[in-house]
>>> print(open('structure-v8.cif').read())   # mmCIF, C-alpha atoms
data_coords
loop_
_atom_site.label_atom_id
_atom_site.label_comp_id
_atom_site.auth_asym_id
_atom_site.auth_seq_id
_atom_site.Cartn_x
_atom_site.Cartn_y
_atom_site.Cartn_z
CA MET T 1 0.00 0.00 0.00
CA GLY T 2 2.63 2.37 -1.16
CA GLY T 3 4.79 2.07 1.98
CA ARG T 4 2.91 4.84 3.79
CA GLY T 5 2.83 5.16 7.56
CA TYR T 6 -0.20 4.30 9.69
CA ALA T 7 -1.62 7.82 9.97
CA GLU T 8 -0.64 8.76 6.44
CA GLN T 9 -2.42 5.73 4.97
CA LYS T 10 -5.54 6.47 6.99
CA ALA T 11 -5.54 10.08 5.76
CA HIS T 12 -5.13 8.79 2.21
CA TYR T 13 -8.28 6.65 2.55
CA ILE T 14 -10.27 9.56 3.90
CA LYS T 15 -9.01 11.81 1.11
CA THR T 16 -10.07 9.20 -1.49
CA TRP T 17 -13.51 9.05 0.12
CA GLY T 18 -13.71 12.87 -0.08
CA ILE T 19 -12.91 12.75 -3.80
CA LEU T 20 -15.57 10.05 -4.31
CA CYS T 21 -18.16 12.23 -2.55
CA GLY T 22 -17.17 15.19 -4.73
CA LEU T 23 -17.55 13.06 -7.83
CA LEU T 24 -20.96 11.89 -6.61
CA LEU T 25 -22.03 15.53 -6.50
CA VAL T 26 -20.71 16.04 -10.04
CA SER T 27 -22.65 12.99 -11.27
CA ILE T 28 -25.87 14.43 -9.81
CA VAL T 29 -25.47 18.04 -10.92
CA GLY T 30 -23.82 17.33 -14.31
CA PRO T 31 -26.78 15.59 -15.96
CA GLU T 32 -29.06 18.41 -14.73
CA VAL T 33 -26.78 20.91 -16.47
CA GLY T 34 -26.76 18.65 -19.54
CA ALA T 35 -30.57 18.62 -19.57
CA VAL T 36 -30.87 22.39 -19.21
CA THR T 37 -28.26 23.20 -21.86
CA GLY T 38 -29.34 20.33 -24.10
CA ILE T 39 -25.75 19.13 -24.46
CA ALA T 40 -25.94 15.35 -24.21
CA VAL T 41 -22.16 14.95 -23.92
CA ILE T 42 -22.23 16.65 -20.51
CA THR T 43 -24.75 14.07 -19.27
CA LEU T 44 -22.76 11.19 -20.71
CA ILE T 45 -19.46 12.30 -19.22
CA THR T 46 -20.76 13.35 -15.82
CA ALA T 47 -23.02 10.31 -15.36
CA PHE T 48 -21.08 7.45 -16.90
CA GLY T 49 -17.55 8.85 -17.25
CA VAL T 50 -17.56 9.88 -13.60
CA ALA T 51 -18.98 6.47 -12.60
CA GLY T 52 -16.08 4.80 -14.39
CA TYR T 53 -13.57 7.03 -12.61
CA LYS T 54 -15.24 6.46 -9.24
CA ALA T 55 -15.05 2.71 -9.83
CA TRP T 56 -11.35 3.02 -10.68
CA LEU T 57 -10.69 4.95 -7.45
CA VAL T 58 -12.39 2.20 -5.42
CA VAL T 59 -10.52 -0.53 -7.30
CA LYS T 60 -7.13 1.20 -6.91
CA HIS T 61 -7.26 2.78 -3.48
CA PHE T 62 -9.75 0.67 -1.50
CA MET T 63 -9.31 -2.77 -3.10
CA HIS T 64 -5.60 -2.25 -3.89
CA LEU T 65 -6.12 -4.29 -7.03
CA THR T 66 -3.15 -2.66 -8.75
CA GLU T 67 -0.91 -4.27 -6.13
CA GLU T 68 -2.30 -7.78 -6.58
CA PRO T 69 -0.44 -10.43 -8.63
CA PRO T 70 -1.34 -10.86 -12.32
CA ILE T 71 -3.44 -14.01 -11.68
CA ILE T 72 -6.18 -11.83 -10.16
CA TRP T 73 -6.25 -9.69 -13.29
CA TYR T 74 -6.42 -12.81 -15.45
CA ILE T 75 -9.43 -14.13 -13.51
CA LEU T 76 -11.32 -10.85 -13.70
CA THR T 77 -10.38 -10.19 -17.33
CA VAL T 78 -11.63 -13.63 -18.42
CA CYS T 79 -15.00 -12.89 -16.79
CA LEU T 80 -15.15 -9.47 -18.46
CA VAL T 81 -14.33 -11.03 -21.83
CA PHE T 82 -17.19 -13.53 -21.40
CA LEU T 83 -19.46 -10.61 -20.57
CA GLY T 84 -18.30 -8.80 -23.70
CA MET T 85 -19.03 -11.90 -25.79
CA PHE T 86 -22.52 -12.08 -24.32
CA PHE T 87 -23.16 -8.44 -25.18
CA ALA T 88 -21.74 -8.76 -28.69
CA GLY T 89 -23.75 -11.90 -29.38
CA VAL T 90 -27.10 -10.79 -28.02
CA SER T 91 -27.21 -7.04 -28.64
CA PRO T 92 -27.82 -7.17 -32.43
CA ASP T 93 -31.08 -9.05 -31.82
CA VAL T 94 -32.19 -7.02 -28.82
CA MET T 95 -31.19 -3.55 -29.94
CA ASN T 96 -32.58 -3.84 -33.46
CA HIS T 97 -36.29 -4.31 -33.94
CA GLU T 98 -35.96 -5.66 -37.45
CA GLY T 99 -33.44 -7.54 -39.51
CA THR T 100 -33.03 -9.21 -42.89
CA ARG T 101 -35.87 -11.71 -42.54
CA TRP T 102 -37.45 -10.82 -39.23
CA GLU T 103 -39.31 -8.04 -37.53
CA ASN T 104 -39.99 -7.59 -33.81
CA VAL T 105 -43.51 -6.17 -34.14
CA ALA T 106 -44.28 -6.28 -30.42
CA ALA T 107 -41.14 -4.31 -29.51
CA LYS T 108 -41.84 -1.69 -32.17
CA GLN T 109 -45.40 -1.28 -30.97
CA ALA T 110 -44.23 -1.06 -27.35
CA VAL T 111 -41.95 1.86 -28.25
CA ILE T 112 -44.74 3.66 -30.13
CA ASP T 113 -47.30 3.13 -27.36
CA GLY T 114 -44.87 3.91 -24.57
CA VAL T 115 -43.60 7.14 -26.11
CA ALA T 116 -47.16 8.29 -26.87
CA GLU T 117 -48.21 7.53 -23.30
CA GLY T 118 -45.14 9.24 -21.89
CA GLU T 119 -45.70 12.37 -23.96
CA ALA T 120 -49.38 12.42 -23.08
CA SER T 121 -48.55 12.36 -19.37
CA GLY T 122 -46.25 15.33 -19.83
CA GLY T 123 -43.15 13.17 -19.36
CA HIS T 124 -42.50 14.32 -15.81
CA GLY T 125 -41.37 12.14 -12.97
CA HIS T 126 -42.15 12.15 -9.30
CA GLY T 127 -38.69 11.29 -8.04
CA GLU T 128 -37.09 14.66 -7.69
CA ALA T 129 -39.92 17.05 -8.39
CA HIS T 130 -41.83 16.00 -5.29
CA GLY T 131 -39.02 14.56 -3.23
CA GLY T 132 -40.82 11.27 -2.84
CA ASP T 133 -44.05 12.92 -1.80
CA HIS T 134 -45.93 11.92 -4.94
CA GLY T 135 -48.48 14.65 -4.99
CA ASP T 136 -49.47 14.07 -8.60
CA ASP T 137 -51.89 11.46 -9.74
CA HIS T 138 -49.89 9.23 -12.01
CA GLY T 139 -50.55 6.24 -9.89
CA GLU T 140 -51.25 4.05 -12.87
CA ALA T 141 -48.18 2.22 -13.98
CA HIS T 142 -47.10 2.56 -17.55
CA GLY T 143 -47.95 -0.94 -18.53
CA ASN T 144 -46.78 -1.54 -22.04
CA GLU T 145 -46.72 -5.27 -21.92
CA HIS T 146 -44.59 -6.23 -24.85
CA ASP T 147 -43.24 -9.72 -24.98
CA ASP T 148 -40.44 -8.98 -27.43
CA GLY T 149 -41.68 -11.88 -29.50
CA HIS T 150 -39.99 -12.04 -32.88
CA ASP T 151 -42.51 -12.30 -35.63
CA GLU T 152 -41.24 -13.91 -38.79
CA LYS T 153 -41.29 -11.53 -41.72
CA GLY T 154 -40.18 -13.56 -44.69
CA HIS T 155 -40.46 -17.15 -43.55
CA MET R 1 -7.63 -35.10 14.31
CA ALA R 2 -9.61 -33.76 17.23
CA GLY R 3 -9.16 -30.03 17.49
CA PHE R 4 -7.46 -29.84 14.09
CA LYS R 5 -8.28 -26.67 12.27
CA PRO R 6 -7.40 -26.30 8.61
CA ILE R 7 -5.53 -23.10 7.90
CA ALA R 8 -5.73 -21.21 4.63
CA ASN R 9 -2.19 -21.18 3.32
CA LEU R 10 -0.41 -19.20 0.69
CA ARG R 11 -0.71 -20.92 -2.69
CA SER R 12 2.74 -21.53 -4.08
CA ALA R 13 1.60 -21.27 -7.70
CA THR R 14 -0.17 -17.93 -7.42
CA GLY R 15 1.56 -16.36 -4.46
CA ILE R 16 -1.69 -15.28 -2.87
CA SER R 17 -3.70 -16.74 -0.02
CA THR R 18 -6.40 -19.34 -0.64
CA PRO R 19 -9.26 -17.21 0.77
CA LYS R 20 -8.27 -14.25 -1.38
CA LEU R 21 -8.03 -16.42 -4.48
CA ALA R 22 -11.45 -17.91 -3.70
CA LEU R 23 -12.88 -14.44 -3.12
CA TYR R 24 -11.66 -13.22 -6.50
CA TRP R 25 -13.20 -16.26 -8.20
CA LEU R 26 -16.44 -15.36 -6.47
CA LEU R 27 -16.12 -11.75 -7.64
CA GLY R 28 -15.41 -13.01 -11.16
CA SER R 29 -18.71 -14.89 -11.16
CA GLU R 30 -20.42 -11.81 -9.72
CA ILE R 31 -19.06 -9.75 -12.62
CA VAL R 32 -20.90 -12.08 -14.98
CA ILE R 33 -24.11 -11.99 -12.91
CA PHE R 34 -24.29 -8.22 -12.43
CA GLY R 35 -22.65 -7.51 -15.78
CA GLY R 36 -25.31 -9.66 -17.46
CA ILE R 37 -28.10 -7.74 -15.77
CA LEU R 38 -26.54 -4.36 -16.55
CA ALA R 39 -25.74 -5.32 -20.15
CA SER R 40 -29.30 -6.54 -20.71
CA TYR R 41 -30.65 -3.34 -19.19
CA LEU R 42 -28.41 -1.22 -21.43
CA MET R 43 -29.46 -3.10 -24.58
CA HIS R 44 -33.14 -2.57 -23.85
CA ARG R 45 -32.73 0.97 -22.57
CA MET R 46 -31.02 2.03 -25.81
CA SER R 47 -33.60 0.40 -28.04
CA HIS R 48 -36.74 1.38 -26.13
CA ASP R 49 -37.20 5.15 -26.02
CA GLU R 50 -40.26 4.78 -23.83
CA TRP R 51 -38.10 3.58 -20.93
CA ALA R 52 -36.87 7.18 -20.55
CA PHE R 53 -40.37 8.22 -19.45
CA GLN R 54 -40.53 5.39 -16.92
CA ALA R 55 -37.01 6.10 -15.62
CA MET R 56 -38.20 9.62 -14.73
CA HIS R 57 -40.14 8.12 -11.83
CA THR R 58 -37.14 6.74 -9.94
CA ASN R 59 -36.18 8.75 -6.87
CA THR R 60 -32.81 10.43 -7.50
CA MET R 61 -32.69 11.87 -3.99
CA ILE R 62 -32.85 8.48 -2.28
CA GLY R 63 -30.53 6.95 -4.90
CA SER R 64 -27.96 9.68 -4.16
CA ILE R 65 -28.25 9.25 -0.39
CA ASN R 66 -27.77 5.51 -0.78
CA THR R 67 -24.68 6.10 -2.95
CA LEU R 68 -23.21 8.30 -0.21
CA VAL R 69 -24.05 5.64 2.39
CA LEU R 70 -22.31 2.90 0.39
CA LEU R 71 -19.24 5.06 -0.36
CA THR R 72 -18.95 5.83 3.35
CA SER R 73 -19.36 2.18 4.30
CA SER R 74 -16.60 1.34 1.81
CA LEU R 75 -14.37 3.81 3.66
CA THR R 76 -15.07 2.14 7.01
CA ALA R 77 -14.45 -1.29 5.43
CA VAL R 78 -11.02 -0.24 4.18
CA LEU R 79 -10.25 1.39 7.54
CA ALA R 80 -11.14 -1.92 9.22
CA HIS R 81 -8.65 -3.64 6.92
CA HIS R 82 -6.07 -0.98 7.78
CA GLU R 83 -6.54 -1.60 11.51
CA ALA R 84 -6.46 -5.39 11.05
CA GLU R 85 -3.16 -5.08 9.22
CA HIS R 86 -1.76 -3.30 12.24
CA GLY R 87 -3.12 -5.95 14.59
CA ASN R 88 -5.84 -3.73 16.09
CA GLY R 89 -8.62 -6.32 16.10
CA LYS R 90 -10.98 -4.36 18.34
CA GLN R 91 -10.73 -1.21 16.24
CA ALA R 92 -11.14 -3.28 13.06
CA ALA R 93 -14.31 -4.83 14.51
CA ARG R 94 -15.60 -1.36 15.37
CA TYR R 95 -15.14 -0.21 11.78
CA LEU R 96 -16.85 -3.37 10.53
CA TYR R 97 -19.83 -2.63 12.77
CA PHE R 98 -19.97 0.87 11.23
CA THR R 99 -19.97 -0.78 7.80
CA MET R 100 -22.85 -3.02 8.86
CA GLY R 101 -24.66 0.10 10.05
CA GLY R 102 -24.20 1.48 6.53
CA ALA R 103 -25.70 -1.71 5.10
CA LEU R 104 -28.69 -1.38 7.39
CA LEU R 105 -29.17 2.29 6.49
CA PHE R 106 -28.94 1.45 2.79
CA LEU R 107 -31.62 -1.23 3.14
CA LEU R 108 -33.89 1.09 5.13
CA PHE R 109 -33.69 3.80 2.45
CA LYS R 110 -34.22 1.15 -0.24
CA SER R 111 -37.30 -0.21 1.54
CA TYR R 112 -38.73 3.29 1.89
CA GLU R 113 -38.08 3.99 -1.79
CA TRP R 114 -39.66 0.73 -2.91
CA SER R 115 -42.70 1.21 -0.70
CA ILE R 116 -43.33 4.59 -2.38
CA GLU R 117 -42.88 3.13 -5.87
CA ILE R 118 -45.19 0.19 -5.17
CA GLU R 119 -47.76 2.47 -3.57
CA HIS R 120 -47.91 4.37 -6.86
CA GLY R 121 -48.36 1.26 -8.95
CA TYR R 122 -44.77 0.87 -10.12
CA THR R 123 -44.49 -2.80 -9.25
CA ILE R 124 -42.18 -5.41 -10.76
CA THR R 125 -44.90 -6.36 -13.28
CA ALA R 126 -45.77 -2.78 -14.25
CA SER R 127 -43.46 -2.73 -17.27
CA PRO R 128 -40.14 -4.20 -18.47
CA PHE R 129 -38.33 -1.12 -17.12
CA TRP R 130 -39.64 -1.69 -13.60
CA SER R 131 -38.91 -5.38 -13.93
CA PHE R 132 -35.25 -4.55 -14.57
CA TYR R 133 -35.26 -1.90 -11.85
CA TYR R 134 -36.46 -4.30 -9.14
CA THR R 135 -34.34 -7.21 -10.38
CA ALA R 136 -31.10 -5.22 -10.53
CA ALA R 137 -31.67 -3.37 -7.26
CA GLY R 138 -33.07 -6.50 -5.59
CA VAL R 139 -30.12 -8.72 -6.52
CA HIS R 140 -27.80 -5.95 -5.33
CA ALA R 141 -29.71 -5.59 -2.04
CA SER R 142 -29.45 -9.34 -1.45
CA HIS R 143 -25.66 -8.96 -1.75
CA VAL R 144 -25.77 -6.11 0.75
CA ILE R 145 -27.59 -8.41 3.20
CA ALA R 146 -25.15 -11.29 2.57
CA GLY R 147 -22.17 -8.97 3.05
CA ALA R 148 -23.54 -7.58 6.31
CA ILE R 149 -24.14 -11.08 7.71
CA ALA R 150 -20.62 -12.23 6.72
CA MET R 151 -19.21 -9.06 8.26
CA TRP R 152 -20.89 -9.81 11.58
CA PHE R 153 -19.09 -13.16 11.86
CA VAL R 154 -15.77 -11.60 10.87
CA ALA R 155 -16.20 -8.67 13.28
CA ARG R 156 -17.03 -11.05 16.14
CA ASP R 157 -13.72 -12.88 15.67
CA ALA R 158 -11.76 -9.72 14.93
CA ALA R 159 -12.89 -8.20 18.25
CA LYS R 160 -11.13 -11.13 19.95
CA GLY R 161 -8.06 -10.59 17.79
CA GLU R 162 -8.73 -13.79 15.82
CA GLU R 163 -8.73 -14.47 12.06
CA LEU R 164 -7.78 -10.90 11.23
CA HIS R 165 -6.92 -11.83 7.64
CA ARG R 166 -10.67 -12.27 7.03
CA VAL R 167 -11.23 -8.54 7.53
CA GLU R 168 -9.56 -7.85 4.20
CA ILE R 169 -11.56 -10.59 2.44
CA VAL R 170 -14.94 -9.37 3.62
CA GLY R 171 -13.83 -5.80 2.87
CA LEU R 172 -12.98 -6.71 -0.73
CA TYR R 173 -16.43 -8.24 -1.13
CA TRP R 174 -17.97 -5.06 0.26
CA HIS R 175 -16.04 -2.85 -2.14
CA PHE R 176 -17.39 -4.94 -5.00
CA VAL R 177 -20.95 -4.38 -3.74
CA ASP R 178 -20.13 -0.67 -3.73
CA LEU R 179 -18.70 -0.90 -7.27
CA VAL R 180 -21.89 -2.46 -8.60
CA TRP R 181 -23.94 0.35 -7.09
CA ILE R 182 -21.61 2.96 -8.62
CA PHE R 183 -22.77 1.68 -12.04
CA LEU R 184 -26.39 1.01 -11.08
CA PHE R 185 -26.84 4.56 -9.77
CA PRO R 186 -26.37 6.45 -13.08
CA LEU R 187 -28.22 3.78 -15.05
CA LEU R 188 -31.35 3.71 -12.89
CA TYR R 189 -31.43 7.17 -11.33
CA ILE R 190 -29.43 9.62 -13.45
CA ALA R 191 -29.94 8.71 -17.12
CA LYS R 192 -33.52 9.94 -17.53
#
>>> encode(input="structure-v8.cif", output="structure tokens")
Amino acid sequence: MGGRGYAEQKAHYIKTWGILCGLLLVSIVGPEVGAVTGIAVITLITAFGVAGYKAWLVVKHFMHLTEEPPIIWYILTVCLVFLGMFFAGVSPDVMNHEGTRWENVAAKQAVIDGVAEGEASGGHGHGEAHGGDHGDDHGEAHGNEHDDGHDEKGH
Amino acid sequence: MAGFKPIANLRSATGISTPKLALYWLLGSEIVIFGGILASYLMHRMSHDEWAFQAMHTNTMIGSINTLVLLTSSLTAVLAHHEAEHGNGKQAARYLYFTMGGALLFLLFKSYEWSIEIEHGYTITASPFWSFYYTAAGVHASHVIAGAIAMWFVARDAAKGEELHRVEIVGLYWHFVDLVWIFLFPLLYIAK
């Protein structure tokens, strides 16, 4: 752990925690700024970029993973590679709603219905606007029950 | 063999202790479990514009408080490890109890948040978005509970100055629970 003394190491942990708290604040305020200015990059960087950096700080300073032997990295990398393969294999079917000889009619309809319903309700949430008080009357859940069933187009 | 107690030794091939190696295998499998959930969520979120409207109903305030709680509990977990390394079992146990307090606080906030959502009709069957929301947060919460229980056993021994090497192991597990939340937070509460 870098050969620091007892008190110095403790102070280092507390400093890292302080940075993490600061970054938490950035990840809350940033997307709000992104929404107001309409600049999507701000939201992306402050929400997901900051999350990645926060994770790295935890991995490096709290888990001390950078000081572990390579075998640990091999284990974790193999699992991440499998995860990547899963994403690469499945995402073309899930993220597209039509392909060469197929069309996911239910998913397409769910998007159309859901967006129309969302726009009709004004597209406002209760989370932050009412601080959990839920004064508005959107008690009905947005139930767009799509089953993502793939309907055959050509065959 | 009466009274024989197996001791976790250093593995000659890897140079790390057996419990730590086992823990990292566990974390590797957790990467696939949580990664699978998060990857599936991302795929659907990016291809279903209507999820943005449903995501607006998650409570950012409680999500943020819970993030702060978990980050703080990660600090106390690493401080417990720090004390254990210096042979201060009692102080390590104290920090672990603080960490367990963080787990309890997290679960209380989560329960409050869920009760509000359910009260307003946003149940696990309300829509695919809410199904993912409850599954991801629920699987994570079950890990918080498991971590807190494991921590109690470790803290009990650490207070007596026994098995201090376990403090690091349970701490590593806790940091992973924190890591998962660091990614869940922007996905479920921030990206609206």
>>> residues_around(input="structure-v8.cif", residues="Ala155 (chain R)", least_positions_apart="5", cutoff="9 Å", atoms="only C-alpha atoms", output="ChimeraX atom specification")
/R:89-90,92-97,150,160,164,167
>>> closest_residue(input="structure-v8.cif", among="R:Ala84, R:Ile118, R:Leu23, R:Val32", to="chain T", atoms="only C-alpha atoms")
R:Val32
>>> residues_around(input="structure-v8.cif", residues="His44 (chain R)", least_positions_apart="4", cutoff="8 Å", atoms="all atoms listed in the file", output="list in words")
Val94 and Met95 of chain T; Ser40 and His48 of chain R
>>> closest_residue(input="structure-v8.cif", among="T:Tyr6, T:Phe87, T:Trp17, T:Trp102", to="Ala55 (chain T)", atoms="all atoms listed in the file")
T:Trp17
>>> atom_distance(input="structure-v8.cif", atom1="CA of Thr67 (chain R)", atom2="CA of Lys15 (chain T)")
17.2 Å
>>> atom_distance(input="structure-v8.cif", atom1="CA of Ser64 (chain R)", atom2="CA of Ala191 (chain R)")
13.1 Å
>>> closest_atom_pairs(input="structure-v8.cif", of="chain R", to="chain T", cutoff="6 Å", atoms="only C-alpha atoms", output="CSV")
residue,atom,partner,partner_atom,distance
R:Gly28,CA,T:Leu76,CA,5.3
R:Val32,CA,T:Leu83,CA,6.0
R:Met43,CA,T:Met95,CA,5.7
R:Ser47,CA,T:Met95,CA,5.0
R:His48,CA,T:Val111,CA,5.6
R:Glu50,CA,T:Val115,CA,4.7
R:Phe53,CA,T:Gly118,CA,5.5
R:Met56,CA,T:Gly125,CA,4.4
R:His57,CA,T:Gly125,CA,4.4
R:Thr58,CA,T:Gly127,CA,5.2
R:Asn59,CA,T:Gly127,CA,3.8
R:Thr60,CA,T:Gly127,CA,6.0
R:Val78,CA,T:Phe62,CA,5.9
R:His120,CA,T:Gly139,CA,4.4
R:Gly121,CA,T:Ala141,CA,5.1
R:Tyr122,CA,T:Ala141,CA,5.3
R:Ala126,CA,T:Gly143,CA,5.1
R:Ser127,CA,T:Gly143,CA,5.0
R:Leu172,CA,T:Met63,CA,5.9
R:Leu179,CA,T:Ala55,CA,5.7
R:Ile182,CA,T:Ala51,CA,5.9
R:Pro186,CA,T:Ala47,CA,5.6
>>> decode(input="structure-v8.cif", residues="region 7-18 of chain T", atoms="N, CA and C atoms", output="CSV table (one decimal), in the first residue's frame")
chain,number,residue,atom,x,y,z
T,7,ALA,N,-0.8,6.6,10.0
T,7,ALA,CA,-1.6,7.8,10.0
T,7,ALA,C,-1.8,8.3,8.5
T,8,GLU,N,-0.7,8.3,7.8
T,8,GLU,CA,-0.6,8.8,6.4
T,8,GLU,C,-1.6,7.9,5.6
T,9,GLN,N,-1.6,6.6,5.8
T,9,GLN,CA,-2.4,5.7,5.0
T,9,GLN,C,-3.9,6.0,5.3
T,10,LYS,N,-4.2,6.2,6.6
T,10,LYS,CA,-5.5,6.5,7.0
T,10,LYS,C,-6.0,7.8,6.3
T,11,ALA,N,-5.2,8.8,6.4
T,11,ALA,CA,-5.5,10.1,5.8
T,11,ALA,C,-5.8,9.9,4.3
T,12,HIS,N,-5.0,9.0,3.7
T,12,HIS,CA,-5.1,8.8,2.2
T,12,HIS,C,-6.5,8.2,1.9
T,13,TYR,N,-7.0,7.3,2.7
T,13,TYR,CA,-8.3,6.6,2.5
T,13,TYR,C,-9.4,7.7,2.7
T,14,ILE,N,-9.2,8.5,3.7
T,14,ILE,CA,-10.3,9.6,3.9
T,14,ILE,C,-10.3,10.6,2.7
T,15,LYS,N,-9.1,10.9,2.2
T,15,LYS,CA,-9.0,11.8,1.1
T,15,LYS,C,-9.7,11.2,-0.1
T,16,THR,N,-9.4,9.9,-0.3
T,16,THR,CA,-10.1,9.2,-1.5
T,16,THR,C,-11.6,9.2,-1.4
T,17,TRP,N,-12.1,9.0,-0.1
T,17,TRP,CA,-13.5,9.1,0.1
T,17,TRP,C,-14.1,10.5,-0.2
T,18,GLY,N,-13.3,11.5,0.2
T,18,GLY,CA,-13.7,12.9,-0.1
T,18,GLY,C,-13.8,13.1,-1.6
